[in-house]
Structures are given as C-alpha cells and as structure tokens.
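Undergrad: Sharing coords_26.cif, mmCIF, C-alpha atoms and all ligand atoms:
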data_run
#
loop_
_atom_site.label_atom_id
_atom_site.label_comp_id
_atom_site.auth_asym_id
_atom_site.auth_seq_id
_atom_site.Cartn_x
_atom_site.Cartn_y
_atom_site.Cartn_z
CA MET P 1 47.33 280.65 186.35
CA LYS P 2 44.95 277.71 186.06
CA ASN P 3 41.60 278.46 184.42
CA LYS P 4 39.78 277.30 187.56
CA GLU P 5 41.54 280.05 189.51
CA SER P 6 40.99 282.85 187.00
CA SER P 7 39.36 286.03 188.32
CA VAL P 8 37.16 288.57 186.56
CA PHE P 9 39.87 291.13 187.37
CA ASP P 10 42.36 289.18 185.21
CA CYS P 11 40.22 290.15 182.20
CA LYS P 12 41.71 293.39 180.88
CA LEU P 13 40.49 296.24 178.73
CA ILE P 14 43.02 296.68 175.93
CA SER P 15 43.52 299.86 173.92
CA LEU P 16 43.85 298.94 170.26
CA PRO P 17 45.99 300.85 167.77
CA LYS P 18 44.06 303.42 165.74
CA ILE P 19 45.30 305.02 162.54
CA HIS P 20 43.38 308.27 162.47
CA ASN P 21 42.42 309.97 159.24
CA THR P 22 39.92 312.73 158.54
CA SER P 23 38.26 310.38 156.06
CA GLY P 24 37.96 307.58 158.62
CA ASN P 25 39.98 305.45 161.01
CA ILE P 26 41.61 302.03 160.73
CA THR P 27 42.39 299.55 163.51
CA ALA P 28 44.62 296.67 162.44
CA LEU P 29 45.21 293.71 164.74
CA GLU P 30 48.05 291.26 164.34
CA ASN P 31 49.14 288.25 166.38
CA ILE P 32 51.77 288.99 169.02
CA THR P 33 51.94 292.77 168.58
CA SER P 34 48.30 293.59 169.37
CA VAL P 35 46.82 290.28 170.48
CA SER P 36 48.51 288.12 173.11
CA PHE P 37 47.44 284.80 171.56
CA ASP P 38 47.42 283.29 168.08
CA ILE P 39 44.11 284.17 166.42
CA LYS P 40 42.59 280.92 165.12
CA ARG P 41 39.01 282.10 164.52
CA VAL P 42 37.08 285.32 163.98
CA TYR P 43 33.32 285.61 164.37
CA TYR P 44 30.83 288.38 165.00
CA LEU P 45 27.39 288.80 166.47
CA TYR P 46 25.04 291.12 164.58
CA ASP P 47 21.31 291.82 164.16
CA VAL P 48 21.00 291.17 167.91
CA PRO P 49 17.62 292.40 169.25
CA SER P 50 18.02 294.96 172.06
CA ASN P 51 16.27 292.65 174.56
CA ALA P 52 18.38 289.60 173.67
CA GLU P 53 21.10 288.10 175.83
CA ARG P 54 24.02 286.13 174.40
CA GLY P 55 26.74 284.13 176.07
CA GLY P 56 25.75 282.41 179.28
CA HIS P 57 28.70 280.04 179.37
CA THR P 58 32.37 279.69 180.15
CA HIS P 59 35.26 278.16 178.22
CA TYR P 60 37.83 275.73 179.60
CA LYS P 61 40.62 276.85 177.25
CA LEU P 62 39.42 279.55 174.84
CA GLU P 63 40.75 283.11 175.10
CA GLN P 64 38.96 285.92 173.31
CA PHE P 65 39.15 289.59 172.47
CA LEU P 66 35.66 291.13 172.30
CA VAL P 67 35.29 294.41 170.42
CA ALA P 68 32.24 296.61 169.85
CA ALA P 69 33.03 297.05 166.16
CA SER P 70 29.82 299.10 165.97
CA GLY P 71 27.41 300.34 168.63
CA SER P 72 27.56 299.14 172.21
CA PHE P 73 26.71 296.28 174.57
CA ASP P 74 27.44 295.18 178.13
CA VAL P 75 29.44 292.15 179.22
CA VAL P 76 28.84 290.69 182.68
CA LEU P 77 31.79 288.60 183.86
CA ALA P 78 31.66 286.16 186.77
CA ASP P 79 34.25 283.87 188.34
CA GLY P 80 32.09 282.17 190.97
CA THR P 81 33.13 284.68 193.62
CA GLN P 82 32.92 288.11 192.04
CA GLU P 83 31.04 289.79 189.20
CA ARG P 84 32.10 292.65 186.99
CA LEU P 85 30.21 294.63 184.35
CA VAL P 86 32.14 295.98 181.37
CA SER P 87 30.51 298.25 178.77
CA LEU P 88 32.02 298.09 175.32
CA ASN P 89 31.29 301.00 173.01
CA ARG P 90 34.47 301.79 171.05
CA PRO P 91 36.03 299.95 168.08
CA ASP P 92 39.50 300.78 169.39
CA ARG P 93 39.05 298.95 172.69
CA ALA P 94 38.94 295.21 173.37
CA LEU P 95 37.97 293.14 176.37
CA HIS P 96 40.35 290.22 176.83
CA ILE P 97 38.40 287.31 178.36
CA ILE P 98 40.61 284.56 179.69
CA PRO P 99 39.58 280.92 180.20
CA GLY P 100 37.38 279.95 183.14
CA ILE P 101 35.24 283.10 183.20
CA TRP P 102 31.45 283.07 182.87
CA ARG P 103 30.16 285.78 180.50
CA GLU P 104 26.77 287.20 179.57
CA LEU P 105 26.27 289.83 176.86
CA LYS P 106 23.26 292.15 176.95
CA ASN P 107 21.90 295.66 176.30
CA PHE P 108 22.88 295.60 172.63
CA SER P 109 22.29 298.91 170.88
CA GLY P 110 20.61 298.92 167.48
CA GLY P 111 23.00 297.91 164.69
CA SER P 112 25.72 296.86 167.10
CA ILE P 113 28.36 294.33 166.11
CA CYS P 114 30.32 292.23 168.61
CA LEU P 115 33.54 291.19 166.89
CA VAL P 116 35.35 288.25 168.52
CA LEU P 117 38.97 287.21 167.98
CA ALA P 118 39.42 283.70 169.37
CA SER P 119 42.44 281.57 170.23
CA LEU P 120 40.92 278.23 169.14
CA ALA P 121 38.63 276.71 166.53
CA TYR P 122 35.02 276.08 167.54
CA ASP P 123 34.67 273.12 169.89
CA GLU P 124 31.46 272.53 171.82
CA ASN P 125 33.43 270.42 174.33
CA ASP P 126 35.23 273.60 175.43
CA TYR P 127 31.95 275.08 176.80
CA ILE P 128 30.27 274.87 180.21
CA ARG P 129 26.75 276.13 179.47
CA ASN P 130 25.14 275.42 182.85
CA TYR P 131 25.85 277.95 185.63
CA SER P 132 25.58 275.37 188.45
CA ASP P 133 28.09 273.16 186.64
CA PHE P 134 30.38 276.19 186.28
CA ILE P 135 30.20 276.99 190.01
CA GLU P 136 30.87 273.38 190.91
CA TRP P 137 33.83 273.20 188.52
CA LYS P 138 35.30 276.48 189.88
CA SER P 139 34.99 275.22 193.44
CA GLN P 140 37.12 272.12 192.67
CA ARG P 141 40.42 274.00 193.03
C1 LIG P 201 31.24 283.76 173.18
C2 LIG P 201 30.25 284.75 172.72
C3 LIG P 201 30.71 286.17 172.81
C4 LIG P 201 29.41 277.61 165.62
O1 LIG P 201 28.99 276.63 164.95
N1 LIG P 201 30.67 278.08 165.43
C5 LIG P 201 31.17 279.14 166.13
O2 LIG P 201 32.34 279.52 165.94
C6 LIG P 201 30.31 279.75 167.11
C7 LIG P 201 30.83 280.94 167.93
C8 LIG P 201 29.05 279.26 167.28
N2 LIG P 201 28.60 278.21 166.55
C9 LIG P 201 27.23 277.73 166.74
C10 LIG P 201 26.98 277.04 168.08
C11 LIG P 201 25.53 277.33 168.34
O3 LIG P 201 24.72 276.35 167.71
O4 LIG P 201 26.34 278.85 166.71
C12 LIG P 201 25.27 278.66 167.65
C13 LIG P 201 25.22 279.84 168.61
O5 LIG P 201 26.40 279.82 169.43
P1 LIG P 201 26.39 280.31 170.95
O6 LIG P 201 25.10 279.95 171.59
O7 LIG P 201 27.63 279.81 171.60
O8 LIG P 201 26.45 281.89 170.75
P2 LIG P 201 26.75 283.01 171.84
O9 LIG P 201 26.54 284.31 171.18
O10 LIG P 201 26.00 282.75 173.09
O11 LIG P 201 28.30 282.83 172.19
C14 LIG P 201 29.29 283.15 171.22
C15 LIG P 201 30.46 282.19 171.38
O12 LIG P 201 29.99 280.84 171.26
C16 LIG P 201 31.16 282.36 172.68
O13 LIG P 201 32.43 281.76 172.60
O14 LIG P 201 32.02 284.02 174.07
O15 LIG P 201 29.75 284.48 171.41
#
How would this structure read if it were set down as structure tokens?
TA:
Amino acid sequence: MKNKESSVFDCKLISLPKIHNTSGNITALENITSVSFDIKRVYYLYDVPSNAERGGHTHYKLEQFLVAASGSFDVVLADGTQERLVSLNRPDRALHIIPGIWRELKNFSGGSICLVLASLAYDENDYIRNYSDFIEWKSQR
C-alpha cells in the first residue's frame, strides 16, 4: 500500500511478549520476531506536562511502534478521511503507526513515558508538519 493511501485502520495495536515474574515483568523486543521492521532508532518522550500536546505531523516513510512504557496518553490518528483515538496505557502493548498517518499525542498522565521504536534515522525531510499540506498531499492519489 502506498503511504498516500494508508488508513488509520491499518495502524494496529500489537500485543508484546511479557515475561511475568512475581518480582517484576520484562518485555523484550527484537527485529522480525516482535517488530515488523528493522529498528534503526529508539527515542522516548518524558516529563511531558499533562496539558501538552506532541506530534502534529505525518511521516512520508517512517514506521513506528509507540509504547506507554509508563503511565498513559492518547494518540489521535487521522488519514484525511477518518480519525481514530487510541489510548495507550500498558507497557506490553504497542501502536504500530504506518507512513502517511497524521498523529497527535495528548492527555499524558504524570510521569508517563512514550517509548518509540522507529524504522529510520531522524530526518526532518520525512515530516509534513502542516495539516493543510498533509490533506493536500493525501488528496493527490
Ligand atoms: C513522533 C512522535 C511520537 C531530533 O533531533 N531527533 C529525533 O530523533 C527526534 C524524534 C526529534 N529531534 C528533534 C526535532 C525537534 O527539534 O527534537 C525536537 C522535537 O521533535 P518533534 O517536534 O518532532 O517531537 P514530537 O514529540 O512532536 O514528535 C516525536 C517524533 O518526532 C515523531 O516522529 O511520531 O515523537
């Protein structure tokens, strides 16, 4: 599927493996077995004020797994036609965001951490940060 044609419903919630122990749990993620793309970059959002909003952009090529490693937050996905709200609140669940999807992150709980596994190195040229530009680009199918 071309990124211009991607839909919010192509973004899936993925159950991550959890090794349970009475003294605490472990989730280990490896390329291929748990993540459907090669992980080229890991970053995380933290110390986010509860009234702050992150995101507000789309990516031409980047794929990501978003995980609430701690706490919770909401992700609003848009594809130019439909919107979808996904709440993340478990470290053993990931939201797979495919290319060509607008995302906004909000309602961060205190102490929350948004862990991101990404398929590419950072490249500002991979972003569309203006919503009107995004809508125009999506409409050029
Ligand atoms: C996404 C959400 C969930 C870098 O220099 N390297 C990096 O790897 C990243 C991610 C950011 N930056 C710089 C670029 C900006 O000057 O850090 C600054 C803040 O980045 P941005 O405004 O893109 O942050 P968010 O939280 O809005 O978005 C980030 C990711 O950029 C994005 O891919 O999906 O987290």
Undergrad: Just checking: using only C-alpha atoms, which residue out of P:Ile19, P:Val42, P:Val35, P:Leu120 ends up closest to P:Leu95?
TA: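 Selected residue with least distance to P:Leu95: P:Val35.
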Undergrad: Could you tell me which of P:Ser72, P:Ser132, P:Asn125, P:Asn107 comes closest to P:Ala52 if we count all atoms listed in the file?
TA: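 Of P:Ser72, P:Ser132, P:Asn125, P:Asn107, the one nearest P:Ala52 is P:Asn107, counting all atoms listed in the file.
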Undergrad: Given a cut-off of 7 Å, what residues near ligand LIG 201 (chain P) show up using all atoms listed in the file, put as a ChimeraX atom specification?
TA: /P:43,45,54-56,103,116,121-122
Undergrad: Pick out the closest residue to P:Ser70 from this set: P:Ile97, P:Ile128, P:Cys114, P:Leu29. Count all atoms listed in the file.
TA: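 Closest to P:Ser70 of all the choices is P:Cys114.
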Undergrad: Which one is closest to P:Leu115: P:His20, P:Arg129, P:Arg90, P:Lys4? Count all atoms listed in the file.
TA: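 Ranking P:His20, P:Arg129, P:Arg90, P:Lys4 by distance to P:Leu115, first place goes to P:Arg90.
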